[in-house]
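See structure below.
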Amino acid sequence: MDDMLCDELLQEIFTRIPKSLPPPPPPPSSASAASVSLVSKRWLHLYRTSKTSLSLRLNPDDSTISSLASVLSHYPFLSSLSLFLLSSDPTVTPTTTSAPAFHDRLLFIVSAFCSSLKHLRFLAGPVSQSSLFSLSNSCNFLDSLTISLYRPLYFNWVVSFSCLRELSVYVSGFHGVDDCSRESGFCLNEELDAGLGLESLFLSGIGGEDYGAGWLWRSCKRLKKLQLKSCEGIGDGGSFSSFAKCLKGLQEVEIRACRSIVNGVLLKMAENCDSLYSLLVYDGGNREGLHHFISSCRCDLKKLDFRLPLDLRNDHLSAIGLNFRGLSTLRLQSCCLVSGEGLKALGIALNSGLEELALINCDVVERESGLLATLGQHTRQLKRLDLSYNEFLLDKEFISMLVSCNCLTELNLRRCVGLTTVSMVSMFKNCRELQSVDIMHCDGIGAEAVELFVRNSPQLRGLQVEENKVSHAARLWASHKHIHLVS
């Protein structure tokens with residue numbers, strides 16, 4: 001039978017086999033990607049050559065060099081590759097005899113065996129720019145690259161990746177002067193800007209003295225998405241003049257744990273962004289800078305996502321209601337200084353335009369009676385609602401909002417331990433369009449309520465709940481109605 005199937009047909013079959021099978025355990029005849037490679041050497045070879053995506057977690061020792069070369073030689077058609085060290089921190093340096101050389105050798109192996117790559121996540125350790133030039137010569141079609149770099153930083157090597165659209169860089173510690181192929185002039189010609197094709201840029205760990213980032217800002221004229229994480233500077237000497245060059249066409253910005261620069265970033269965004277529709281600010285804001293941005297931004301923002309326990313106040317909510325009336329998504333997490341009056345006023349201002357609302361771990365939800373009822377009355381078009389981690393939220397308050405929100409398709413109530421069966425009944429009675437629900441760690445909701453909900457929810461397609469709360473009858477109903485249960 002094996003000989004009757006040609007190689008191409010077997011490879012096509014292998015690409016359609018799921019990587020794993022959901023519970024309950026499959027019968028012995030069921031196939032999975034992990035088992036087909038055990039049939040024969042031919043099947044093993046064909047399975048490997050059919051693989052286009054691979055993720056490996058490496059030991060940080062010298063024996064990994066030969067092992068990686070051996071493994072990659074069996075996968076000639078990879079288009080996506082992810083390499084990590086056993087330590088999950090991309091800036092951790094392994095304990096090899098020469099860490100920089102070790103990382104570079106790993107990247108050279110990737111260059112030698114994976115010429116068809118389009119997506120590479122190389123977080124096995126910081127690499128030098130010379131190894132990146134080698135990678136660009138071999139992987140001509142690379143579209144997405146994630147790497148870790150030593151200081152001092154230079155970004156001119158990005159020019160050699162002609163197809164690159166997404167770049168993510170984690171900055172590691174200082175490591176002297178980089179060789180960077182000095183004869184090419186890439187290290188020294190920082191004054192020569194380039195027209196890069198980058199559309200998405202993620203930077204983590206940039207400092208005020210990382211002046212090489214200035215060239216990158218001036219050269220990114222097509223940037224649509226920018227993500228900054230744990231940055232203490234913008235690499236612009238504090239002037240933000242080069243940074244402003246990349247902002248005009250930006251559509252999405254995410255700023256995480258960048259308290260020292262967030263004021264300057266928001267100021268320049270208010271002055272230069274004209275296409276922005278999504279802004280996320282987590283773990284470190286500036287009250288004045290945030291208020292100035294909200295009040296003076298000229299963009300038609302559609303999505304705001306804030307996790308600012310000490311920086312978001314009612315005056316910010318008022319400004320949002322006045323300036324962003326077209327807002328469709330509002331996500332607030334751990335925002336302790338906003339009041340129920342501020343949220344009510346915002347809900348009234350936005351009226352029925354909101355489609356997604358998240359109030360995650362916001363004690364005002366539990367503290368102020370009637371808040372959710374008022375919000376529900378003014379957000380009747382809501383499709384996605386997230387009230388997770390409000391541990392003292394009670395049935396009465398939750399249901400008072402639910403009766404007005406009949407269009408909900410997604411609902412997240414994770415760790416709302418105060419909710420009971422009464423809320424589950426209200427959910428399937430009032431929200432007939434629900435497709436995805438998360439009730440993990442809701443201690444007040446038991447197996448009987450879960451079964452009742454699965455049986456009576458006509459559009460439900462996914463439910464996240466502890467396995468011990470799923471009865472045999474509930475599992476049968478879920479299978480019959482094609483509901484995916486996730487524990």
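Labeling convention for the structure tokens: chains A, B, ... as they appear, residues from 1 per chain, ligands from 1 in order of appearance.
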Which of region 100-130 of chain A DSSP labels alpha helix (DSSP H), written as an MDAnalysis selection string: chainID A and resid 100:113 129:130
Put those residues in a file: N, CA and C atoms, as a short mmCIF file (atom, residue, chain, number, x, y, z; two decimals), in the first residue's frame.
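So the final result, stored in again.cif, reads:
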data_model
loop_
_atom_site.label_atom_id
_atom_site.label_comp_id
_atom_site.auth_asym_id
_atom_site.auth_seq_id
_atom_site.Cartn_x
_atom_site.Cartn_y
_atom_site.Cartn_z
N PRO A 100 29.31 35.60 22.10
CA PRO A 100 29.03 36.23 20.80
C PRO A 100 29.31 35.30 19.63
N ALA A 101 30.43 34.60 19.67
CA ALA A 101 30.75 33.68 18.59
C ALA A 101 29.74 32.54 18.52
N PHE A 102 29.28 32.09 19.67
CA PHE A 102 28.29 31.01 19.73
C PHE A 102 27.01 31.42 19.02
N HIS A 103 26.52 32.60 19.34
CA HIS A 103 25.27 33.07 18.72
C HIS A 103 25.45 33.24 17.22
N ASP A 104 26.57 33.82 16.82
CA ASP A 104 26.82 34.04 15.39
C ASP A 104 26.90 32.73 14.63
N ARG A 105 27.53 31.73 15.23
CA ARG A 105 27.65 30.43 14.56
C ARG A 105 26.27 29.81 14.36
N LEU A 106 25.40 29.97 15.34
CA LEU A 106 24.03 29.46 15.18
C LEU A 106 23.34 30.15 14.01
N LEU A 107 23.52 31.47 13.91
CA LEU A 107 22.87 32.21 12.83
C LEU A 107 23.49 31.86 11.47
N PHE A 108 24.79 31.61 11.45
CA PHE A 108 25.43 31.18 10.20
C PHE A 108 24.87 29.84 9.73
N ILE A 109 24.57 28.95 10.67
CA ILE A 109 23.98 27.66 10.31
C ILE A 109 22.61 27.86 9.70
N VAL A 110 21.82 28.75 10.29
CA VAL A 110 20.51 29.07 9.72
C VAL A 110 20.68 29.59 8.30
N SER A 111 21.64 30.47 8.10
CA SER A 111 21.89 31.03 6.77
C SER A 111 22.24 29.94 5.77
N ALA A 112 23.01 28.93 6.22
CA ALA A 112 23.49 27.89 5.32
C ALA A 112 22.40 26.90 4.92
N PHE A 113 21.45 26.62 5.83
CA PHE A 113 20.49 25.54 5.58
C PHE A 113 19.07 26.02 5.29
N GLN A 129 26.38 42.30 13.71
CA GLN A 129 25.83 42.73 12.44
C GLN A 129 26.47 42.01 11.25
N SER A 130 27.69 41.55 11.41
CA SER A 130 28.32 40.80 10.31
C SER A 130 27.56 39.52 10.03
#
Need the shell around Arg256 (chain A): protein/DNA/RNA residues with any atom at most 9 Å away, counting only C-alpha atoms. Skip same-chain ones fewer than 6 positions apart. Format as a PyMOL selection string? chain A and resi 227-231+280-284
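Distances from A:His291, A:His316, A:Arg455, A:Lys225 to Leu276 (chain A) were compared using only C-alpha atoms, and the smallest one belongs to A:Lys225.
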Coordinates-based distance that separates CA of Val417 (chain A) from CA of Leu332 (chain A) (Å, one decimal): 19.9 Å
Considering only C-alpha atoms, return as a ChimeraX atom specification whatever protein or nucleic-acid residues lie within 12 Å of Ile348 (chain A), sequence-local ones (same chain, fewer than 5 positions apart) excluded. /A:317-318,320-322,325,341-343,353-354,371,374-380
Near Val71 (chain A), counting only C-alpha atoms, which residues have an atom at most 12 Å away, once you skip same-chain residues fewer than 2 positions from it, shown as an NGL selection string? :A and (48-49 or 54-56 or 58 or 64-69 or 73-76 or 78 or 109-110 or 113-114)
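Comparing the minimum interatomic distances between Leu408 (chain A) and each of A:Phe428, A:Tyr211, A:Phe453, A:Phe202, counting only C-alpha atoms, we find that A:Phe428 sits nearest.
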